[in-house]
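Student: Sharing protein19.cif below, mmCIF, C-alpha atoms:
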```
data_query
loop_
_atom_site.group_PDB
_atom_site.id
_atom_site.type_symbol
_atom_site.label_atom_id
_atom_site.label_comp_id
_atom_site.auth_asym_id
_atom_site.auth_seq_id
_atom_site.Cartn_x
_atom_site.Cartn_y
_atom_site.Cartn_z
ATOM 1 C CA MET A 3 -27.632 -1.028 -15.252
ATOM 2 C CA THR A 4 -24.045 -1.744 -16.241
ATOM 3 C CA HIS A 5 -22.104 -4.381 -14.328
ATOM 4 C CA LEU A 6 -18.353 -3.916 -14.595
ATOM 5 C CA CYS A 7 -15.779 -6.467 -13.499
ATOM 6 C CA PHE A 8 -12.097 -5.594 -13.077
ATOM 7 C CA LEU A 9 -9.995 -8.640 -13.879
ATOM 8 C CA LEU A 10 -6.207 -8.752 -13.681
ATOM 9 C CA HIS A 11 -4.891 -11.828 -15.452
ATOM 10 C CA MET A 12 -1.427 -12.757 -14.203
ATOM 11 C CA HIS A 13 0.329 -15.158 -16.528
ATOM 12 C CA GLN A 14 3.811 -16.330 -17.422
ATOM 13 C CA PRO A 15 4.893 -19.223 -19.626
ATOM 14 C CA GLU A 16 6.916 -22.075 -18.192
ATOM 15 C CA TYR A 17 10.521 -20.888 -17.869
ATOM 16 C CA VAL A 18 11.794 -23.874 -15.879
ATOM 17 C CA ASP A 19 13.702 -26.457 -17.891
ATOM 18 C CA PRO A 20 12.221 -29.824 -16.819
ATOM 19 C CA ARG A 21 15.568 -31.534 -17.414
ATOM 20 C CA THR A 22 17.519 -29.349 -14.974
ATOM 21 C CA GLY A 23 14.794 -27.811 -12.783
ATOM 22 C CA ARG A 24 16.377 -24.421 -13.468
ATOM 23 C CA ALA A 25 14.534 -21.265 -14.577
ATOM 24 C CA GLU A 26 16.264 -20.144 -17.773
ATOM 25 C CA LEU A 27 14.582 -16.703 -17.715
ATOM 26 C CA PRO A 28 14.025 -14.561 -14.582
ATOM 27 C CA TRP A 29 10.726 -12.855 -15.323
ATOM 28 C CA VAL A 30 8.666 -14.621 -12.640
ATOM 29 C CA ARG A 31 11.183 -13.655 -9.938
ATOM 30 C CA LEU A 32 11.572 -10.086 -11.179
ATOM 31 C CA HIS A 33 7.866 -9.397 -11.693
ATOM 32 C CA GLY A 34 7.257 -10.980 -8.303
ATOM 33 C CA ALA A 35 9.493 -8.327 -6.727
ATOM 34 C CA ARG A 36 7.646 -5.591 -8.568
ATOM 35 C CA ALA A 37 4.205 -5.833 -10.175
ATOM 36 C CA TYR A 38 2.736 -8.811 -8.336
ATOM 37 C CA LEU A 39 3.736 -7.548 -4.899
ATOM 38 C CA ASP A 40 2.782 -3.940 -5.730
ATOM 39 C CA VAL A 41 -0.750 -4.993 -6.742
ATOM 40 C CA ALA A 42 -1.229 -6.835 -3.450
ATOM 41 C CA ARG A 43 0.033 -3.800 -1.530
ATOM 42 C CA LEU A 44 -2.358 -1.443 -3.353
ATOM 43 C CA LEU A 45 -5.341 -3.724 -2.778
ATOM 44 C CA GLU A 46 -4.436 -3.797 0.908
ATOM 45 C CA GLU A 47 -4.327 0.003 1.000
ATOM 46 C CA TYR A 48 -7.539 0.516 -0.976
ATOM 47 C CA GLY A 49 -9.769 -2.111 0.572
ATOM 48 C CA ALA A 50 -12.943 -0.778 -1.074
ATOM 49 C CA VAL A 51 -11.609 -1.619 -4.524
ATOM 50 C CA HIS A 52 -12.898 -4.956 -5.819
ATOM 51 C CA LEU A 53 -10.484 -6.589 -8.218
ATOM 52 C CA THR A 54 -10.341 -10.189 -9.357
ATOM 53 C CA VAL A 55 -6.747 -11.348 -9.750
ATOM 54 C CA ASN A 56 -6.197 -14.565 -11.650
ATOM 55 C CA PHE A 57 -2.892 -16.457 -11.449
ATOM 56 C CA VAL A 58 -2.415 -19.202 -14.010
ATOM 57 C CA PRO A 59 -1.113 -22.533 -12.601
ATOM 58 C CA SER A 60 2.261 -22.307 -14.372
ATOM 59 C CA LEU A 61 2.887 -18.940 -12.710
ATOM 60 C CA VAL A 62 1.862 -20.154 -9.239
ATOM 61 C CA ALA A 63 4.191 -23.147 -9.498
ATOM 62 C CA GLN A 64 7.107 -20.946 -10.550
ATOM 63 C CA LEU A 65 6.418 -18.397 -7.794
ATOM 64 C CA GLU A 66 6.572 -21.224 -5.268
ATOM 65 C CA GLN A 67 9.922 -22.282 -6.696
ATOM 66 C CA VAL A 68 11.214 -18.701 -6.405
ATOM 67 C CA VAL A 69 10.186 -18.558 -2.750
ATOM 68 C CA ASN A 70 11.359 -22.052 -1.773
ATOM 69 C CA GLY A 71 14.125 -22.644 -4.291
ATOM 70 C CA ARG A 72 17.858 -22.093 -4.340
ATOM 71 C CA PRO A 73 19.859 -19.450 -6.282
ATOM 72 C CA GLU A 74 21.328 -22.090 -8.591
ATOM 73 C CA GLN A 75 17.786 -22.824 -9.802
ATOM 74 C CA ASP A 76 17.738 -19.398 -11.502
ATOM 75 C CA ALA A 77 20.112 -19.155 -14.474
ATOM 76 C CA TRP A 78 20.452 -15.367 -14.274
ATOM 77 C CA LEU A 79 20.844 -15.263 -10.497
ATOM 78 C CA ARG A 80 23.436 -18.051 -10.563
ATOM 79 C CA VAL A 81 25.697 -15.934 -12.779
ATOM 80 C CA ALA A 82 24.993 -12.688 -10.914
ATOM 81 C CA LEU A 83 26.027 -14.181 -7.571
ATOM 82 C CA LYS A 84 29.443 -15.321 -8.773
ATOM 83 C CA PRO A 85 32.388 -13.106 -7.739
ATOM 84 C CA ALA A 86 33.213 -10.847 -10.692
ATOM 85 C CA ARG A 87 36.826 -12.034 -10.805
ATOM 86 C CA GLU A 88 35.648 -15.631 -11.344
ATOM 87 C CA LEU A 89 33.379 -14.919 -14.307
ATOM 88 C CA SER A 90 34.273 -16.445 -17.652
ATOM 89 C CA PRO A 91 34.283 -14.270 -20.810
ATOM 90 C CA ASP A 92 30.927 -15.838 -21.780
ATOM 91 C CA GLU A 93 29.431 -14.997 -18.378
ATOM 92 C CA ARG A 94 30.677 -11.402 -18.513
ATOM 93 C CA GLU A 95 29.154 -11.015 -21.957
ATOM 94 C CA PHE A 96 25.908 -12.523 -20.655
ATOM 95 C CA LEU A 97 25.653 -9.960 -17.839
ATOM 96 C CA VAL A 98 26.552 -6.971 -20.010
ATOM 97 C CA THR A 99 24.018 -8.119 -22.622
ATOM 98 C CA ARG A 100 21.100 -9.081 -20.377
ATOM 99 C CA PHE A 101 21.332 -6.866 -17.312
ATOM 100 C CA PHE A 102 19.972 -3.787 -19.045
ATOM 101 C CA SER A 103 16.665 -5.586 -19.756
ATOM 102 C CA LEU A 104 14.213 -3.026 -18.421
ATOM 103 C CA ASN A 105 12.898 0.399 -19.391
ATOM 104 C CA TRP A 106 15.931 2.650 -19.841
ATOM 105 C CA GLY A 107 14.093 5.937 -19.392
ATOM 106 C CA ARG A 108 12.345 5.022 -16.133
ATOM 107 C CA SER A 109 14.927 2.720 -14.581
ATOM 108 C CA VAL A 110 18.393 3.267 -16.049
ATOM 109 C CA ASP A 111 18.770 6.925 -17.004
ATOM 110 C CA VAL A 112 17.484 8.110 -13.589
ATOM 111 C CA ARG A 113 20.401 6.328 -11.900
ATOM 112 C CA PRO A 114 23.685 8.011 -12.857
ATOM 113 C CA ARG A 115 25.872 4.956 -12.316
ATOM 114 C CA TYR A 116 23.508 2.694 -14.260
ATOM 115 C CA ARG A 117 23.336 5.271 -17.064
ATOM 116 C CA GLU A 118 27.135 5.443 -17.113
ATOM 117 C CA LEU A 119 27.376 1.661 -17.500
ATOM 118 C CA LEU A 120 24.816 1.627 -20.309
ATOM 119 C CA ASP A 121 26.702 4.356 -22.149
ATOM 120 C CA LYS A 122 29.921 2.390 -21.652
ATOM 121 C CA ARG A 123 28.331 -0.676 -23.202
ATOM 122 C CA GLY A 124 26.564 1.291 -25.929
ATOM 123 C CA ARG A 125 22.865 1.798 -26.526
ATOM 124 C CA GLN A 126 22.784 0.617 -30.126
ATOM 125 C CA LEU A 127 25.421 -2.061 -30.313
ATOM 126 C CA LYS A 128 25.769 -4.836 -32.838
ATOM 127 C CA PRO A 129 25.640 -8.331 -31.277
ATOM 128 C CA GLU A 130 29.082 -9.166 -32.637
ATOM 129 C CA ASP A 131 30.576 -6.190 -30.765
ATOM 130 C CA LEU A 132 29.228 -7.184 -27.346
ATOM 131 C CA ARG A 133 32.033 -9.613 -26.509
ATOM 132 C CA ALA A 134 34.761 -6.983 -26.896
ATOM 133 C CA ARG A 135 32.736 -4.322 -25.100
ATOM 134 C CA SER A 136 31.935 -6.626 -22.179
ATOM 135 C CA GLN A 137 35.641 -7.295 -21.624
ATOM 136 C CA SER A 138 36.151 -3.560 -21.031
ATOM 137 C CA PHE A 139 33.931 -3.797 -17.938
ATOM 138 C CA THR A 140 36.011 -3.954 -14.774
ATOM 139 C CA ASP A 141 35.128 -6.197 -11.842
ATOM 140 C CA GLY A 142 33.711 -3.121 -10.113
ATOM 141 C CA ASP A 143 31.560 -2.353 -13.158
ATOM 142 C CA ILE A 144 30.191 -5.900 -13.149
ATOM 143 C CA ARG A 145 29.385 -5.764 -9.428
ATOM 144 C CA ASP A 146 27.559 -2.460 -9.841
ATOM 145 C CA LEU A 147 25.672 -3.760 -12.858
ATOM 146 C CA THR A 148 24.338 -6.852 -11.107
ATOM 147 C CA VAL A 149 23.211 -4.847 -8.055
ATOM 148 C CA LEU A 150 21.625 -2.066 -10.100
ATOM 149 C CA PHE A 151 19.708 -4.442 -12.358
ATOM 150 C CA ASN A 152 18.113 -6.310 -9.481
ATOM 151 C CA LEU A 153 17.545 -3.129 -7.485
ATOM 152 C CA ALA A 154 15.825 -1.383 -10.400
ATOM 153 C CA TRP A 155 13.399 -4.282 -10.762
ATOM 154 C CA MET A 156 12.130 -3.932 -7.177
ATOM 155 C CA GLY A 157 8.765 -2.237 -6.779
ATOM 156 C CA PHE A 158 7.647 0.161 -4.069
ATOM 157 C CA ALA A 159 6.110 -2.572 -1.907
ATOM 158 C CA ALA A 160 9.401 -4.473 -1.694
ATOM 159 C CA ARG A 161 11.218 -1.289 -0.647
ATOM 160 C CA GLU A 162 8.859 -0.148 2.117
ATOM 161 C CA GLY A 163 10.661 0.144 5.418
ATOM 162 C CA ASP A 164 13.856 -1.461 4.131
ATOM 163 C CA ARG A 165 16.743 0.803 5.125
ATOM 164 C CA ASP A 166 19.343 -1.337 3.338
ATOM 165 C CA LEU A 167 17.499 -1.036 0.027
ATOM 166 C CA ALA A 168 17.052 2.690 0.598
ATOM 167 C CA ALA A 169 20.809 3.085 1.128
ATOM 168 C CA LEU A 170 21.551 1.072 -2.017
ATOM 169 C CA GLU A 171 19.094 3.188 -3.992
ATOM 170 C CA ALA A 172 20.739 6.386 -2.804
ATOM 171 C CA LYS A 173 24.122 5.089 -3.954
ATOM 172 C CA ALA A 174 22.568 3.943 -7.235
ATOM 173 C CA ARG A 175 21.651 7.541 -7.902
ATOM 174 C CA GLY A 176 25.219 8.691 -7.341
ATOM 175 C CA PHE A 177 25.200 9.441 -3.599
ATOM 176 C CA THR A 178 28.416 8.634 -1.776
ATOM 177 C CA ASP A 179 28.561 7.700 1.914
ATOM 178 C CA GLU A 180 29.758 11.249 2.642
ATOM 179 C CA LYS A 181 26.784 12.849 0.875
ATOM 180 C CA ILE A 182 24.343 10.446 2.517
ATOM 181 C CA ALA A 183 25.762 11.505 5.906
ATOM 182 C CA THR A 184 25.394 15.177 4.911
ATOM 183 C CA ALA A 185 21.780 14.641 3.950
ATOM 184 C CA GLU A 186 20.960 12.722 7.139
ATOM 185 C CA ALA A 187 22.498 15.477 9.262
ATOM 186 C CA GLY A 188 20.456 18.119 7.446
ATOM 187 C CA LEU A 189 17.212 16.185 7.842
ATOM 188 C CA ALA A 190 17.495 16.411 11.626
ATOM 189 C CA THR A 191 16.455 20.086 11.531
ATOM 190 C CA ALA A 192 14.799 20.433 8.105
ATOM 191 C CA PHE A 193 11.206 21.644 7.745
ATOM 192 C CA ASP A 194 10.959 19.993 4.323
ATOM 193 C CA ILE A 195 13.060 17.311 2.639
ATOM 194 C CA LYS A 196 13.658 19.655 -0.314
ATOM 195 C CA PHE A 197 15.669 21.916 1.998
ATOM 196 C CA VAL A 198 18.262 19.130 2.133
ATOM 197 C CA PHE A 199 18.205 17.672 -1.369
ATOM 198 C CA ASN A 200 19.333 20.736 -3.295
ATOM 199 C CA LYS A 201 22.493 22.307 -4.697
ATOM 200 C CA TRP A 202 23.108 24.407 -1.584
ATOM 201 C CA THR A 203 23.313 21.399 0.755
ATOM 202 C CA LEU A 204 24.878 18.865 -1.595
ATOM 203 C CA GLY A 205 26.964 21.272 -3.674
ATOM 204 C CA GLU A 206 26.699 22.243 -7.336
ATOM 205 C CA GLU A 207 29.778 20.193 -8.239
ATOM 206 C CA PHE A 208 28.254 17.014 -6.831
ATOM 207 C CA CYS A 209 24.919 17.641 -8.568
ATOM 208 C CA ARG A 210 26.679 18.285 -11.859
ATOM 209 C CA ASP A 211 29.437 15.657 -11.842
ATOM 210 C CA GLU A 212 27.817 12.793 -9.934
ATOM 211 C CA LEU A 213 24.104 13.259 -10.550
ATOM 212 C CA GLY A 214 24.418 14.595 -14.087
ATOM 213 C CA ILE A 215 22.224 17.651 -13.419
ATOM 214 C CA GLU A 216 23.394 21.130 -14.338
ATOM 215 C CA ALA A 217 21.148 23.440 -16.384
ATOM 216 C CA GLU A 218 18.092 22.900 -14.177
ATOM 217 C CA LEU A 219 19.953 24.001 -11.035
ATOM 218 C CA VAL A 220 19.456 27.674 -11.848
ATOM 219 C CA ASP A 221 15.675 27.305 -11.503
ATOM 220 C CA PRO A 222 14.609 28.130 -7.906
ATOM 221 C CA ALA A 223 11.615 25.800 -8.292
ATOM 222 C CA PHE A 224 13.723 22.852 -9.462
ATOM 223 C CA ASP A 225 12.919 19.608 -7.618
ATOM 224 C CA LEU A 226 16.062 17.469 -7.362
ATOM 225 C CA LEU A 227 14.268 14.382 -6.022
ATOM 226 C CA ALA A 228 11.735 14.433 -8.854
ATOM 227 C CA ALA A 229 14.580 14.788 -11.362
ATOM 228 C CA LEU A 230 16.200 11.685 -9.855
ATOM 229 C CA GLY A 231 13.088 9.669 -10.630
ATOM 230 C CA TYR A 232 11.219 9.716 -7.322
ATOM 231 C CA THR A 233 7.432 10.052 -7.651
ATOM 232 C CA ARG A 234 5.373 12.637 -5.820
ATOM 233 C CA LYS A 235 4.066 9.866 -3.583
ATOM 234 C CA ASP A 236 7.649 8.789 -2.766
ATOM 235 C CA ILE A 237 8.618 12.353 -1.855
ATOM 236 C CA GLU A 238 5.517 12.954 0.274
ATOM 237 C CA ALA A 239 6.078 9.694 2.174
ATOM 238 C CA ALA A 240 9.742 10.590 2.754
ATOM 239 C CA ASN A 241 8.714 14.032 3.963
ATOM 240 C CA LEU A 242 6.312 12.610 6.537
ATOM 241 C CA TYR A 243 8.888 10.086 7.721
ATOM 242 C CA CYS A 244 11.902 12.422 7.897
ATOM 243 C CA CYS A 245 10.386 15.792 8.754
ATOM 244 C CA GLY A 246 7.105 14.838 10.389
ATOM 245 C CA ALA A 247 3.503 15.790 9.660
ATOM 246 C CA MET A 248 3.740 18.905 11.897
ATOM 247 C CA THR A 249 0.140 18.450 12.943
ATOM 248 C CA LEU A 250 -1.679 16.491 15.637
ATOM 249 C CA GLU A 251 -4.443 15.498 13.249
ATOM 250 C CA GLY A 252 -4.361 11.761 12.766
ATOM 251 C CA ALA A 253 -2.165 11.174 15.815
ATOM 252 C CA PRO A 254 -2.871 7.860 17.579
ATOM 253 C CA GLY A 255 -4.875 8.176 20.791
ATOM 254 C CA LEU A 256 -6.433 11.541 19.949
ATOM 255 C CA LYS A 257 -10.179 11.586 19.414
ATOM 256 C CA PRO A 258 -11.924 14.184 17.209
ATOM 257 C CA GLU A 259 -13.338 15.925 20.292
ATOM 258 C CA HIS A 260 -9.787 16.488 21.584
ATOM 259 C CA LEU A 261 -8.624 18.440 18.535
ATOM 260 C CA PRO A 262 -10.342 21.878 18.930
ATOM 261 C CA VAL A 263 -8.066 22.902 21.802
ATOM 262 C CA PHE A 264 -5.078 22.578 19.451
ATOM 263 C CA ASP A 265 -6.595 24.555 16.541
ATOM 264 C CA CYS A 266 -4.539 27.462 15.168
ATOM 265 C CA ALA A 267 -5.204 30.379 12.840
ATOM 266 C CA ASN A 268 -4.077 28.304 9.850
ATOM 267 C CA PRO A 269 -3.967 24.582 9.086
ATOM 268 C CA CYS A 270 -0.901 23.034 10.690
ATOM 269 C CA GLY A 271 1.672 21.128 8.720
ATOM 270 C CA ARG A 272 1.382 19.772 5.203
ATOM 271 C CA THR A 273 -1.565 17.480 5.979
ATOM 272 C CA GLY A 274 -3.553 19.534 8.483
ATOM 273 C CA LYS A 275 -7.125 20.532 7.629
ATOM 274 C CA ARG A 276 -8.409 22.172 10.818
ATOM 275 C CA TYR A 277 -8.105 25.879 11.718
ATOM 276 C CA LEU A 278 -9.898 28.513 13.780
ATOM 277 C CA SER A 279 -12.884 30.221 12.239
ATOM 278 C CA VAL A 280 -12.818 33.945 11.439
ATOM 279 C CA GLU A 281 -15.404 34.605 14.146
ATOM 280 C CA SER A 282 -13.214 33.051 16.830
ATOM 281 C CA HIS A 283 -10.728 35.932 16.420
ATOM 282 C CA ILE A 284 -13.260 38.697 17.049
ATOM 283 C CA ARG A 285 -15.522 37.283 19.735
#
```
Can the structure from this file be put into structure tokens for me?

Tutor:
Amino acid sequence: MTHLCFLLHMHQPEYVDPRTGRAELPWVRLHGARAYLDVARLLEEYGAVHLTVNFVPSLVAQLEQVVNGRPEQDAWLRVALKPARELSPDEREFLVTRFFSLNWGRSVDVRPRYRELLDKRGRQLKPEDLRARSQSFTDGDIRDLTVLFNLAWMGFAAREGDRDLAALEAKARGFTDEKIATAEAGLATAFDIKFVFNKWTLGEEFCRDELGIEAELVDPAFDLLAALGYTRKDIEAANLYCCGAMTLEGAPGLKPEHLPVFDCANPCGRTGKRYLSVESHIR
């Protein structure tokens, strides 16, 4: 018999400078908003999974500082929270250099505004050119950069049920307040979320100029939300929330013996499993 143990070893070195009490690198805070919280959320959802999670003492101590500390105790956050107009040339260069520190394909390129800022900075830039390039960033560019960096680092567990983060994410992907209002109005009567997030509702010009999508729009099967980086699980969850399950199966208060009276010729909704048997139509 084989005995298998799943062990997840969570570790981070000590980033806090003992002289100042300030974290010089943000990885504990950022991974705490993503991987660490996501793992806990998944273990909560899949209770039958047995996983040993080990946190090294240096990580636990730094997580406690993140939770109980102040913004000035995080070197990156201290700069990010300053008004853009008050940033020194060194601080602007710091943000433009450091705030693209994540996977570009999964986190930057899927957000049109973030992609635009990366292209403005340059993807393969010599260190000596960063100072001049950072000075070309306007105050608005700097504000967007700081928000997008921290937003992109947040995992799915941190986003669940947070309407403010959802609105920020929509804007991060190029959606203006006007287009968000258009989408919300369409969702009120939509059978499926894809009936709203498409070129016919949002307009080809918006999809092309703001979202950076053009050639794929001619394909009737094109999935705009998937192209914007949303996973299938994200889209399915949004569908259930916005458009409903369209079935009584799983509804609170209904017992299994109550369901037969509601059975139809075909399964109802996108999650329904029950339907009338063939014999029930001819008896």

Student: With distances taken over only C-alpha atoms, which residue among A:Gln64, A:Gly107, A:Ala25, A:Gly142 lies nearest His13 of chain A?

Tutor: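 Between A:Gln64, A:Gly107, A:Ala25, A:Gly142, the residue approaching His13 of chain A most closely is A:Gln64.
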
Student: Nearest residue to Val110 of chain A out of A:Leu230, A:Leu79, A:Val198, A:Ala63, using all atoms listed in the file?

Tutor: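 The answer is A:Leu230, which sits nearest to Val110 of chain A.
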
Student: Residues picked by the PyMOL selection byres ((chain A and resi 28-33) around 12) here, as a PyMOL selection string?

Tutor: chain A and resi 12-18+24-27+34-41+57+60-71+73+75-82+100-101+103-104+151-157+160

Student: Please produce a file of those selected residues containing C-alpha atoms, as a compact mmCIF listing (two decimals), in the coordinates of the input.

Tutor:
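Now in out-v2.txt:
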```
# COMPACT_ATOMS: atom_id res chain seq x y z
CA MET A 12 -1.43 -12.76 -14.20
CA HIS A 13 0.33 -15.16 -16.53
CA GLN A 14 3.81 -16.33 -17.42
CA PRO A 15 4.89 -19.22 -19.63
CA GLU A 16 6.92 -22.08 -18.19
CA TYR A 17 10.52 -20.89 -17.87
CA VAL A 18 11.79 -23.87 -15.88
CA ARG A 24 16.38 -24.42 -13.47
CA ALA A 25 14.53 -21.26 -14.58
CA GLU A 26 16.26 -20.14 -17.77
CA LEU A 27 14.58 -16.70 -17.72
CA GLY A 34 7.26 -10.98 -8.30
CA ALA A 35 9.49 -8.33 -6.73
CA ARG A 36 7.65 -5.59 -8.57
CA ALA A 37 4.20 -5.83 -10.18
CA TYR A 38 2.74 -8.81 -8.34
CA LEU A 39 3.74 -7.55 -4.90
CA ASP A 40 2.78 -3.94 -5.73
CA VAL A 41 -0.75 -4.99 -6.74
CA PHE A 57 -2.89 -16.46 -11.45
CA SER A 60 2.26 -22.31 -14.37
CA LEU A 61 2.89 -18.94 -12.71
CA VAL A 62 1.86 -20.15 -9.24
CA ALA A 63 4.19 -23.15 -9.50
CA GLN A 64 7.11 -20.95 -10.55
CA LEU A 65 6.42 -18.40 -7.79
CA GLU A 66 6.57 -21.22 -5.27
CA GLN A 67 9.92 -22.28 -6.70
CA VAL A 68 11.21 -18.70 -6.40
CA VAL A 69 10.19 -18.56 -2.75
CA ASN A 70 11.36 -22.05 -1.77
CA GLY A 71 14.12 -22.64 -4.29
CA PRO A 73 19.86 -19.45 -6.28
CA GLN A 75 17.79 -22.82 -9.80
CA ASP A 76 17.74 -19.40 -11.50
CA ALA A 77 20.11 -19.16 -14.47
CA TRP A 78 20.45 -15.37 -14.27
CA LEU A 79 20.84 -15.26 -10.50
CA ARG A 80 23.44 -18.05 -10.56
CA VAL A 81 25.70 -15.93 -12.78
CA ALA A 82 24.99 -12.69 -10.91
CA ARG A 100 21.10 -9.08 -20.38
CA PHE A 101 21.33 -6.87 -17.31
CA SER A 103 16.66 -5.59 -19.76
CA LEU A 104 14.21 -3.03 -18.42
CA PHE A 151 19.71 -4.44 -12.36
CA ASN A 152 18.11 -6.31 -9.48
CA LEU A 153 17.55 -3.13 -7.48
CA ALA A 154 15.82 -1.38 -10.40
CA TRP A 155 13.40 -4.28 -10.76
CA MET A 156 12.13 -3.93 -7.18
CA GLY A 157 8.76 -2.24 -6.78
CA ALA A 160 9.40 -4.47 -1.69
```

Student: Atom CA of Glu186 of chain A and atom CA of Leu204 of chain A are how many Å apart?

Tutor: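 Straight-line distance from atom CA of Glu186 of chain A to atom CA of Leu204 of chain A works out to 11.4 Å.
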
Student: Could you tell me which of A:Leu127, A:Arg234, A:Asn200, A:Pro254 comes closest to Val220 of chain A if we count all atoms listed in the file?

Tutor: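 Nearest to Val220 of chain A: A:Asn200.
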
Student: Once the PyMOL selection byres ((chain A and resi 267) around 9) has been applied to the shown file, what residues remain in the selection, as a ChimeraX atom specification?

Tutor: /A:265-266,268-270,277-280,283

Student: Provide the atom CA of Leu97 of chain A to atom CA of Ile144 of chain A distance in Å, to one decimal place.

Tutor: 7.7 Å

Student: Residues at most 10 Å from Ile182 of chain A, counting all atoms listed in the file, excluding those fewer than 5 positions away in the same chain, as a PyMOL selection string?

Tutor: chain A and resi 169+172-173+177+187-188+204

Student: Taking all listed atoms of segment 79-82 of chain A, build the axis-aligned box, pad each of the six sides by 8 Å, then write its centre and edge lengths in Å to one decimal as JSON.

Tutor:
```
{"center_x": 23.3, "center_y": -15.4, "center_z": -11.6, "size_x": 20.9, "size_y": 21.4, "size_z": 18.3}
```

Student: Show me, as number ranges by chain, the residues that have an atom within 9 Å of Ser138 of chain A when counting all atoms listed in the file, minus same-chain residues fewer than 4 positions from it.

Tutor: A: 122-123, 134

Student: Smallest atom-to-atom distance to Val112 of chain A: which of A:Ala168, A:Val263, A:Leu44, A:Ala228, using only C-alpha atoms?

Tutor: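 Checking each candidate against Val112 of chain A, we get A:Ala228 as the closest.
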
Student: In Å to one decimal, how far is atom CA of Asp92 of chain A from atom CA of Lys128 of chain A?

Tutor: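 For atom CA of Lys128 of chain A relative to atom CA of Asp92 of chain A, the distance reads 16.4 Å.
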